[in-house]
>>> print(open('upload19.txt').read())   # compact mmCIF, N, CA, C and O atoms
# COMPACT_ATOMS: atom_id res chain seq x y z
N MET E 1066 -8.30 -45.34 -18.09
CA MET E 1066 -8.81 -44.04 -17.70
C MET E 1066 -7.96 -42.98 -18.40
O MET E 1066 -6.75 -42.97 -18.27
N ASN E 1067 -8.59 -42.06 -19.16
CA ASN E 1067 -7.84 -41.03 -19.85
C ASN E 1067 -7.63 -39.81 -18.96
O ASN E 1067 -8.09 -39.76 -17.82
N ASN E 1068 -6.92 -38.82 -19.48
CA ASN E 1068 -6.55 -37.62 -18.71
C ASN E 1068 -7.78 -36.85 -18.25
O ASN E 1068 -7.84 -36.37 -17.13
N HIS E 1069 -8.79 -36.74 -19.10
CA HIS E 1069 -10.01 -36.01 -18.76
C HIS E 1069 -10.74 -36.69 -17.60
O HIS E 1069 -11.21 -36.03 -16.69
N ASP E 1070 -10.84 -38.04 -17.64
CA ASP E 1070 -11.51 -38.79 -16.58
C ASP E 1070 -10.76 -38.64 -15.26
O ASP E 1070 -11.38 -38.50 -14.20
N SER E 1071 -9.45 -38.63 -15.29
CA SER E 1071 -8.68 -38.51 -14.04
C SER E 1071 -8.87 -37.13 -13.43
O SER E 1071 -8.90 -36.98 -12.21
N ARG E 1072 -9.04 -36.10 -14.26
CA ARG E 1072 -9.33 -34.75 -13.72
C ARG E 1072 -10.67 -34.74 -13.01
O ARG E 1072 -10.81 -34.14 -11.95
N GLU E 1073 -11.69 -35.38 -13.60
CA GLU E 1073 -13.01 -35.43 -12.96
C GLU E 1073 -12.94 -36.18 -11.63
O GLU E 1073 -13.55 -35.76 -10.65
N VAL E 1074 -12.20 -37.26 -11.58
CA VAL E 1074 -12.05 -38.02 -10.34
C VAL E 1074 -11.35 -37.16 -9.30
O VAL E 1074 -11.77 -37.10 -8.14
N LEU E 1075 -10.30 -36.44 -9.70
CA LEU E 1075 -9.57 -35.57 -8.79
C LEU E 1075 -10.49 -34.48 -8.25
O LEU E 1075 -10.49 -34.19 -7.06
N GLN E 1076 -11.31 -33.89 -9.12
CA GLN E 1076 -12.23 -32.85 -8.67
C GLN E 1076 -13.26 -33.41 -7.71
O GLN E 1076 -13.60 -32.78 -6.71
N THR E 1077 -13.75 -34.61 -7.96
CA THR E 1077 -14.73 -35.24 -7.08
C THR E 1077 -14.09 -35.53 -5.72
O THR E 1077 -14.69 -35.24 -4.68
N ILE E 1078 -12.89 -36.07 -5.73
CA ILE E 1078 -12.20 -36.37 -4.48
C ILE E 1078 -11.93 -35.09 -3.72
O ILE E 1078 -12.14 -35.01 -2.51
N THR E 1079 -11.51 -34.08 -4.41
CA THR E 1079 -11.18 -32.81 -3.77
C THR E 1079 -12.41 -32.21 -3.12
O THR E 1079 -12.36 -31.71 -2.01
N SER E 1080 -13.53 -32.24 -3.81
CA SER E 1080 -14.73 -31.65 -3.24
C SER E 1080 -15.25 -32.46 -2.05
O SER E 1080 -15.91 -31.91 -1.18
N CYS E 1081 -14.93 -33.73 -1.97
CA CYS E 1081 -15.38 -34.57 -0.87
C CYS E 1081 -14.41 -34.57 0.30
O CYS E 1081 -14.77 -34.97 1.39
N ASN E 1082 -13.15 -34.19 0.08
CA ASN E 1082 -12.12 -34.24 1.11
C ASN E 1082 -12.10 -32.98 1.97
O ASN E 1082 -12.89 -32.07 1.78
N SER E 1083 -11.15 -32.96 2.87
CA SER E 1083 -11.02 -31.84 3.80
C SER E 1083 -10.52 -30.60 3.08
O SER E 1083 -10.13 -30.64 1.92
N ASN E 1084 -10.48 -29.47 3.80
CA ASN E 1084 -10.02 -28.21 3.23
C ASN E 1084 -8.55 -28.27 2.85
O ASN E 1084 -8.11 -27.54 1.98
N GLY E 1085 -7.76 -29.10 3.50
CA GLY E 1085 -6.34 -29.22 3.17
C GLY E 1085 -6.13 -29.63 1.73
O GLY E 1085 -5.30 -29.10 1.03
N VAL E 1086 -6.91 -30.58 1.28
CA VAL E 1086 -6.80 -31.03 -0.11
C VAL E 1086 -7.28 -29.92 -1.03
O VAL E 1086 -6.69 -29.66 -2.07
N GLN E 1087 -8.33 -29.24 -0.67
CA GLN E 1087 -8.86 -28.14 -1.46
C GLN E 1087 -7.80 -27.06 -1.62
O GLN E 1087 -7.58 -26.55 -2.70
N ARG E 1088 -7.10 -26.71 -0.55
CA ARG E 1088 -6.07 -25.69 -0.61
C ARG E 1088 -4.92 -26.12 -1.52
O ARG E 1088 -4.38 -25.32 -2.25
N ARG E 1089 -4.53 -27.40 -1.44
CA ARG E 1089 -3.46 -27.89 -2.30
C ARG E 1089 -3.84 -27.72 -3.77
O ARG E 1089 -3.05 -27.31 -4.58
N ARG E 1090 -5.08 -28.02 -4.08
CA ARG E 1090 -5.54 -27.90 -5.46
C ARG E 1090 -5.52 -26.43 -5.89
O ARG E 1090 -5.12 -26.09 -6.98
N GLU E 1091 -5.94 -25.54 -4.98
CA GLU E 1091 -5.92 -24.12 -5.30
C GLU E 1091 -4.50 -23.65 -5.56
O GLU E 1091 -4.25 -22.86 -6.45
N ARG E 1092 -3.54 -24.13 -4.77
CA ARG E 1092 -2.14 -23.75 -4.98
C ARG E 1092 -1.66 -24.24 -6.34
O ARG E 1092 -0.94 -23.54 -7.03
N ASN E 1093 -2.06 -25.46 -6.73
CA ASN E 1093 -1.67 -25.97 -8.04
C ASN E 1093 -2.29 -25.13 -9.16
O ASN E 1093 -1.67 -24.91 -10.18
N ASP E 1094 -3.51 -24.67 -8.94
CA ASP E 1094 -4.17 -23.82 -9.94
C ASP E 1094 -3.46 -22.48 -10.07
O ASP E 1094 -3.48 -21.87 -11.12
N MET E 1095 -2.81 -22.02 -9.00
CA MET E 1095 -2.11 -20.74 -9.04
C MET E 1095 -1.02 -20.75 -10.09
O MET E 1095 -0.69 -19.72 -10.66
N GLY E 1096 -0.42 -21.91 -10.37
CA GLY E 1096 0.63 -22.00 -11.37
C GLY E 1096 0.13 -21.69 -12.77
O GLY E 1096 0.90 -21.29 -13.63
N ASN E 1097 -1.16 -21.85 -13.01
CA ASN E 1097 -1.73 -21.60 -14.33
C ASN E 1097 -2.16 -20.15 -14.52
O ASN E 1097 -2.52 -19.75 -15.61
N LEU E 1098 -2.12 -19.37 -13.44
CA LEU E 1098 -2.58 -17.99 -13.51
C LEU E 1098 -1.46 -17.07 -13.97
O LEU E 1098 -0.29 -17.35 -13.81
N SER E 1099 -1.87 -15.93 -14.50
CA SER E 1099 -0.88 -14.93 -14.91
C SER E 1099 -0.28 -14.30 -13.66
O SER E 1099 -0.82 -14.41 -12.56
N ARG E 1100 0.84 -13.64 -13.84
CA ARG E 1100 1.51 -12.98 -12.72
C ARG E 1100 0.58 -11.95 -12.07
O ARG E 1100 0.51 -11.85 -10.85
N GLU E 1101 -0.15 -11.21 -12.89
CA GLU E 1101 -1.06 -10.19 -12.37
C GLU E 1101 -2.18 -10.81 -11.55
O GLU E 1101 -2.54 -10.31 -10.50
N GLU E 1102 -2.74 -11.91 -12.02
CA GLU E 1102 -3.82 -12.58 -11.30
C GLU E 1102 -3.33 -13.15 -9.97
O GLU E 1102 -4.01 -13.08 -8.96
N ARG E 1103 -2.12 -13.73 -9.98
CA ARG E 1103 -1.55 -14.24 -8.71
C ARG E 1103 -1.36 -13.09 -7.72
O ARG E 1103 -1.67 -13.21 -6.54
N ARG E 1104 -0.86 -11.96 -8.22
CA ARG E 1104 -0.66 -10.79 -7.37
C ARG E 1104 -2.00 -10.30 -6.81
O ARG E 1104 -2.12 -9.98 -5.63
N ARG E 1105 -3.02 -10.28 -7.66
CA ARG E 1105 -4.34 -9.81 -7.24
C ARG E 1105 -4.92 -10.72 -6.14
O ARG E 1105 -5.46 -10.25 -5.16
N ARG E 1106 -4.76 -12.04 -6.32
CA ARG E 1106 -5.27 -12.98 -5.32
C ARG E 1106 -4.52 -12.88 -4.01
O ARG E 1106 -5.10 -12.95 -2.94
N ARG E 1107 -3.19 -12.70 -4.10
CA ARG E 1107 -2.38 -12.58 -2.89
C ARG E 1107 -2.78 -11.32 -2.13
O ARG E 1107 -2.87 -11.31 -0.91
N ARG E 1108 -3.03 -10.23 -2.84
CA ARG E 1108 -3.40 -8.97 -2.20
C ARG E 1108 -4.80 -9.01 -1.61
O ARG E 1108 -5.15 -8.16 -0.81
N ALA E 1109 -5.60 -9.98 -2.00
CA ALA E 1109 -6.97 -10.08 -1.49
C ALA E 1109 -7.03 -10.76 -0.13
O ALA E 1109 -8.08 -10.78 0.49
N THR E 1110 -5.92 -11.30 0.36
CA THR E 1110 -5.95 -12.01 1.64
C THR E 1110 -5.99 -11.02 2.80
O THR E 1110 -5.47 -9.90 2.70
N GLN E 1111 -6.60 -11.43 3.88
CA GLN E 1111 -6.72 -10.58 5.07
C GLN E 1111 -5.34 -10.24 5.63
O GLN E 1111 -5.08 -9.11 6.04
N LYS E 1112 -4.46 -11.21 5.65
CA LYS E 1112 -3.10 -11.00 6.18
C LYS E 1112 -2.39 -9.91 5.39
O LYS E 1112 -1.76 -9.01 5.97
N TYR E 1113 -2.49 -9.95 4.07
CA TYR E 1113 -1.85 -8.95 3.22
C TYR E 1113 -2.46 -7.58 3.46
O TYR E 1113 -1.74 -6.59 3.59
N ARG E 1114 -3.80 -7.51 3.51
CA ARG E 1114 -4.46 -6.22 3.71
C ARG E 1114 -4.08 -5.60 5.04
O ARG E 1114 -3.85 -4.39 5.13
N THR E 1115 -4.01 -6.41 6.09
CA THR E 1115 -3.63 -5.91 7.42
C THR E 1115 -2.20 -5.38 7.40
O THR E 1115 -1.93 -4.30 7.92
N ALA E 1116 -1.30 -6.13 6.79
CA ALA E 1116 0.10 -5.70 6.71
C ALA E 1116 0.21 -4.42 5.90
O ALA E 1116 0.96 -3.49 6.27
N HIS E 1117 -0.51 -4.34 4.80
CA HIS E 1117 -0.47 -3.15 3.95
C HIS E 1117 -1.01 -1.94 4.71
O HIS E 1117 -0.44 -0.85 4.63
N ALA E 1118 -2.11 -2.11 5.43
CA ALA E 1118 -2.69 -1.01 6.20
C ALA E 1118 -1.71 -0.51 7.26
O ALA E 1118 -1.58 0.69 7.49
N THR E 1119 -0.99 -1.44 7.89
CA THR E 1119 -0.01 -1.06 8.91
C THR E 1119 1.13 -0.25 8.27
O THR E 1119 1.53 0.79 8.80
N ARG E 1120 1.64 -0.74 7.13
CA ARG E 1120 2.71 0.00 6.44
C ARG E 1120 2.24 1.39 6.02
O ARG E 1120 2.96 2.38 6.16
N GLU E 1121 1.03 1.48 5.52
CA GLU E 1121 0.48 2.77 5.09
C GLU E 1121 0.32 3.71 6.28
O GLU E 1121 0.61 4.91 6.17
N ARG E 1122 -0.16 3.21 7.40
CA ARG E 1122 -0.32 4.03 8.60
C ARG E 1122 1.03 4.60 9.05
O ARG E 1122 1.15 5.79 9.37
N ILE E 1123 2.07 3.77 9.04
CA ILE E 1123 3.41 4.22 9.42
C ILE E 1123 3.93 5.26 8.45
O ILE E 1123 4.52 6.28 8.84
N ARG E 1124 3.67 5.05 7.16
CA ARG E 1124 4.11 6.01 6.14
C ARG E 1124 3.44 7.36 6.33
O ARG E 1124 4.09 8.41 6.30
N VAL E 1125 2.14 7.35 6.57
CA VAL E 1125 1.39 8.59 6.75
C VAL E 1125 1.84 9.32 8.02
O VAL E 1125 1.99 10.55 8.03
N GLU E 1126 2.10 8.56 9.10
CA GLU E 1126 2.58 9.18 10.34
C GLU E 1126 3.93 9.86 10.11
O GLU E 1126 4.15 10.98 10.58
N ALA E 1127 4.83 9.22 9.39
CA ALA E 1127 6.14 9.80 9.09
C ALA E 1127 5.98 11.05 8.23
O ALA E 1127 6.68 12.06 8.44
N PHE E 1128 5.08 11.00 7.30
CA PHE E 1128 4.79 12.14 6.43
C PHE E 1128 4.30 13.32 7.27
O PHE E 1128 4.76 14.46 7.10
N ASN E 1129 3.37 13.06 8.19
CA ASN E 1129 2.83 14.12 9.03
C ASN E 1129 3.88 14.69 9.97
O ASN E 1129 3.90 15.90 10.23
N VAL E 1130 4.78 13.84 10.49
CA VAL E 1130 5.86 14.33 11.36
C VAL E 1130 6.77 15.26 10.56
O VAL E 1130 7.19 16.31 11.06
N ALA E 1131 7.08 14.89 9.32
CA ALA E 1131 7.94 15.74 8.48
C ALA E 1131 7.28 17.09 8.24
O ALA E 1131 7.96 18.13 8.30
N PHE E 1132 5.99 17.12 7.99
CA PHE E 1132 5.29 18.40 7.81
C PHE E 1132 5.29 19.21 9.09
O PHE E 1132 5.44 20.43 9.06
N ALA E 1133 5.12 18.56 10.23
CA ALA E 1133 5.12 19.27 11.51
C ALA E 1133 6.50 19.90 11.76
O ALA E 1133 6.59 21.04 12.24
N GLU E 1134 7.58 19.18 11.43
CA GLU E 1134 8.93 19.72 11.60
C GLU E 1134 9.16 20.91 10.67
O GLU E 1134 9.73 21.92 11.08
N LEU E 1135 8.72 20.80 9.43
CA LEU E 1135 8.84 21.92 8.50
C LEU E 1135 8.03 23.11 8.99
O LEU E 1135 8.50 24.26 8.94
N ARG E 1136 6.85 22.85 9.49
CA ARG E 1136 5.97 23.92 9.98
C ARG E 1136 6.63 24.70 11.12
O ARG E 1136 6.49 25.92 11.20
N LYS E 1137 7.38 24.01 11.99
CA LYS E 1137 8.06 24.68 13.11
C LYS E 1137 9.11 25.68 12.64
O LYS E 1137 9.42 26.63 13.34
N LEU E 1138 9.65 25.47 11.45
CA LEU E 1138 10.71 26.32 10.92
C LEU E 1138 10.19 27.56 10.20
O LEU E 1138 10.97 28.46 9.90
N LEU E 1139 8.90 27.61 9.94
CA LEU E 1139 8.34 28.70 9.16
C LEU E 1139 7.73 29.77 10.06
O LEU E 1139 6.94 29.45 10.96
N PRO E 1140 8.07 31.05 9.80
CA PRO E 1140 7.47 32.12 10.60
C PRO E 1140 6.06 32.45 10.11
O PRO E 1140 5.83 32.64 8.91
N THR E 1141 5.11 32.49 11.03
CA THR E 1141 3.74 32.91 10.72
C THR E 1141 3.20 33.72 11.88
O THR E 1141 3.69 33.63 13.01
N LEU E 1142 2.19 34.50 11.60
CA LEU E 1142 1.49 35.24 12.65
C LEU E 1142 0.04 34.82 12.61
O LEU E 1142 -0.60 34.97 11.59
N PRO E 1143 -0.53 34.34 13.65
CA PRO E 1143 0.12 33.93 14.91
C PRO E 1143 0.96 32.67 14.70
O PRO E 1143 0.71 31.89 13.77
N PRO E 1144 1.95 32.44 15.59
CA PRO E 1144 2.86 31.31 15.42
C PRO E 1144 2.18 29.93 15.47
O PRO E 1144 2.67 28.99 14.87
N ASP E 1145 1.07 29.82 16.16
CA ASP E 1145 0.38 28.54 16.30
C ASP E 1145 -0.76 28.36 15.29
O ASP E 1145 -1.58 27.47 15.43
N LYS E 1146 -0.77 29.24 14.27
CA LYS E 1146 -1.83 29.16 13.26
C LYS E 1146 -1.80 27.81 12.55
O LYS E 1146 -0.76 27.32 12.14
N LYS E 1147 -2.95 27.19 12.41
CA LYS E 1147 -3.07 25.89 11.73
C LYS E 1147 -2.99 26.12 10.22
O LYS E 1147 -3.70 26.95 9.66
N LEU E 1148 -2.08 25.38 9.58
CA LEU E 1148 -1.92 25.49 8.13
C LEU E 1148 -2.13 24.12 7.49
O LEU E 1148 -1.76 23.09 8.06
N SER E 1149 -2.68 24.14 6.28
CA SER E 1149 -2.82 22.89 5.53
C SER E 1149 -1.45 22.51 4.97
O SER E 1149 -0.50 23.31 4.97
N LYS E 1150 -1.33 21.32 4.47
CA LYS E 1150 -0.06 20.86 3.91
C LYS E 1150 0.35 21.70 2.71
O LYS E 1150 1.53 22.05 2.56
N ILE E 1151 -0.58 22.04 1.86
CA ILE E 1151 -0.25 22.86 0.69
C ILE E 1151 0.16 24.26 1.13
O ILE E 1151 1.09 24.85 0.55
N GLU E 1152 -0.47 24.80 2.17
CA GLU E 1152 -0.08 26.11 2.69
C GLU E 1152 1.33 26.06 3.27
O GLU E 1152 2.12 27.00 3.08
N ILE E 1153 1.66 24.98 3.96
CA ILE E 1153 3.02 24.82 4.51
C ILE E 1153 4.04 24.80 3.37
O ILE E 1153 5.07 25.48 3.45
N LEU E 1154 3.76 24.05 2.31
CA LEU E 1154 4.69 23.97 1.18
C LEU E 1154 4.84 25.33 0.50
O LEU E 1154 5.96 25.75 0.17
N ARG E 1155 3.75 26.01 0.28
CA ARG E 1155 3.82 27.32 -0.38
C ARG E 1155 4.57 28.33 0.48
O ARG E 1155 5.38 29.12 -0.02
N LEU E 1156 4.31 28.31 1.77
CA LEU E 1156 4.99 29.21 2.69
C LEU E 1156 6.49 28.88 2.74
O LEU E 1156 7.33 29.80 2.77
N ALA E 1157 6.84 27.61 2.70
CA ALA E 1157 8.25 27.20 2.70
C ALA E 1157 8.94 27.72 1.44
O ALA E 1157 10.08 28.21 1.50
N ILE E 1158 8.29 27.63 0.29
CA ILE E 1158 8.85 28.13 -0.96
C ILE E 1158 9.11 29.63 -0.87
O ILE E 1158 10.19 30.12 -1.22
N CYS E 1159 8.12 30.36 -0.37
CA CYS E 1159 8.27 31.81 -0.23
C CYS E 1159 9.38 32.16 0.76
O CYS E 1159 10.17 33.08 0.53
N TYR E 1160 9.44 31.44 1.86
CA TYR E 1160 10.44 31.71 2.89
C TYR E 1160 11.85 31.43 2.36
O TYR E 1160 12.78 32.20 2.59
N ILE E 1161 12.03 30.36 1.61
CA ILE E 1161 13.33 30.04 1.01
C ILE E 1161 13.72 31.13 0.01
O ILE E 1161 14.88 31.58 -0.03
N ALA E 1162 12.77 31.59 -0.80
CA ALA E 1162 13.04 32.67 -1.75
C ALA E 1162 13.44 33.94 -1.01
O ALA E 1162 14.39 34.64 -1.41
N TYR E 1163 12.76 34.23 0.09
CA TYR E 1163 13.09 35.42 0.90
C TYR E 1163 14.51 35.29 1.48
O TYR E 1163 15.30 36.24 1.43
N LEU E 1164 14.86 34.13 2.02
CA LEU E 1164 16.19 33.93 2.57
C LEU E 1164 17.28 34.06 1.49
O LEU E 1164 18.35 34.62 1.75
N ASN E 1165 17.00 33.55 0.30
CA ASN E 1165 17.94 33.72 -0.82
C ASN E 1165 18.11 35.20 -1.16
O ASN E 1165 19.22 35.66 -1.43
N HIS E 1166 17.02 35.95 -1.15
CA HIS E 1166 17.08 37.40 -1.42
C HIS E 1166 17.92 38.11 -0.36
O HIS E 1166 18.73 38.98 -0.70
N VAL E 1167 17.74 37.73 0.90
CA VAL E 1167 18.51 38.33 1.98
C VAL E 1167 20.00 38.04 1.80
O VAL E 1167 20.86 38.91 2.01
N LEU E 1168 20.33 36.83 1.41
CA LEU E 1168 21.72 36.46 1.21
C LEU E 1168 22.34 37.21 0.02
O LEU E 1168 23.54 37.51 0.02
N ASP E 1169 21.55 37.47 -1.00
CA ASP E 1169 22.05 38.13 -2.20
C ASP E 1169 22.30 39.62 -1.97
O ASP E 1169 23.09 40.24 -2.68
N THR E 1170 21.63 40.21 -1.03
CA THR E 1170 21.79 41.67 -0.80
C THR E 1170 22.83 41.99 0.21
O THR E 1170 23.46 41.27 0.84
>>> encode(input="upload19.txt", output="structure tokens")
Amino acid sequence: MNNHDSREVLQTITSCNSNGVQRRRERNDMGNLSREERRRRRRATQKYRTAHATRERIRVEAFNVAFAELRKLLPTLPPDKKLSKIEILRLAICYIAYLNHVLDT
């Protein structure tokens, strides 16, 4: 039996066997893939997507808390006026420039 015939037998056995054998074969195939393809397949799993979504949610919450803290430090009229993130950043820049001007005079 040559190498080509043994591959066909392995494929036939794999397709007839349980999922455990199928998974082992898939893992062996992963060794032939490029680094990018392995990364793409790993990222396609439900476990990875769930973990990534959780990390992203935590990151966004921290980002929003930081903007809320910055917003508390900025004077506006009325004080409870809702500002977008870009408005908060622009107002912070202006306020810092104003404070620098006050210190210089």
>>> select_by_dssp(input="upload19.txt", residues="range 1131-1168 of chain E", states="helix (DSSP H, G or I)", output="list of chain:residue names")
E:Ala1131, E:Phe1132, E:Ala1133, E:Glu1134, E:Leu1135, E:Arg1136, E:Lys1137, E:Leu1138, E:Lys1150, E:Ile1151, E:Glu1152, E:Ile1153, E:Leu1154, E:Arg1155, E:Leu1156, E:Ala1157, E:Ile1158, E:Cys1159, E:Tyr1160, E:Ile1161, E:Ala1162, E:Tyr1163, E:Leu1164, E:Asn1165, E:His1166, E:Val1167, E:Leu1168
>>> residues_around(input="upload19.txt", residues="range 1145-1162 of chain E", least_positions_apart="6", cutoff="7 Å", atoms="only N, CA, C and O atoms", output="PDB file with N, CA, C and O atoms, in the coordinates of the input")
ATOM      1  N   PHE E1132       5.990  17.120   7.990  1.00  0.00           N
ATOM      2  CA  PHE E1132       5.290  18.400   7.810  1.00  0.00           C
ATOM      3  C   PHE E1132       5.290  19.210   9.090  1.00  0.00           C
ATOM      4  O   PHE E1132       5.440  20.430   9.060  1.00  0.00           O
ATOM      5  N   LEU E1135       8.720  20.800   9.430  1.00  0.00           N
ATOM      6  CA  LEU E1135       8.840  21.920   8.500  1.00  0.00           C
ATOM      7  C   LEU E1135       8.030  23.110   8.990  1.00  0.00           C
ATOM      8  O   LEU E1135       8.500  24.260   8.940  1.00  0.00           O
ATOM      9  N   ARG E1136       6.850  22.850   9.490  1.00  0.00           N
ATOM     10  CA  ARG E1136       5.970  23.920   9.980  1.00  0.00           C
ATOM     11  C   ARG E1136       6.630  24.700  11.120  1.00  0.00           C
ATOM     12  O   ARG E1136       6.490  25.920  11.200  1.00  0.00           O
ATOM     13  N   LEU E1139       8.900  27.610   9.940  1.00  0.00           N
ATOM     14  CA  LEU E1139       8.340  28.700   9.160  1.00  0.00           C
ATOM     15  C   LEU E1139       7.730  29.770  10.060  1.00  0.00           C
ATOM     16  O   LEU E1139       6.940  29.450  10.960  1.00  0.00           O
ATOM     17  N   LEU E1168      20.330  36.830   1.410  1.00  0.00           N
ATOM     18  CA  LEU E1168      21.720  36.460   1.210  1.00  0.00           C
ATOM     19  C   LEU E1168      22.340  37.210   0.020  1.00  0.00           C
ATOM     20  O   LEU E1168      23.540  37.510   0.020  1.00  0.00           O
TER      21      LEU E1168
END
>>> atom_distance(input="upload19.txt", atom1="CA of Tyr1163 in chain E", atom2="CA of Ala1127 in chain E")
27.8 Å
>>> atom_distance(input="upload19.txt", atom1="CA of Arg1100 in chain E", atom2="CA of Arg1124 in chain E")
26.9 Å
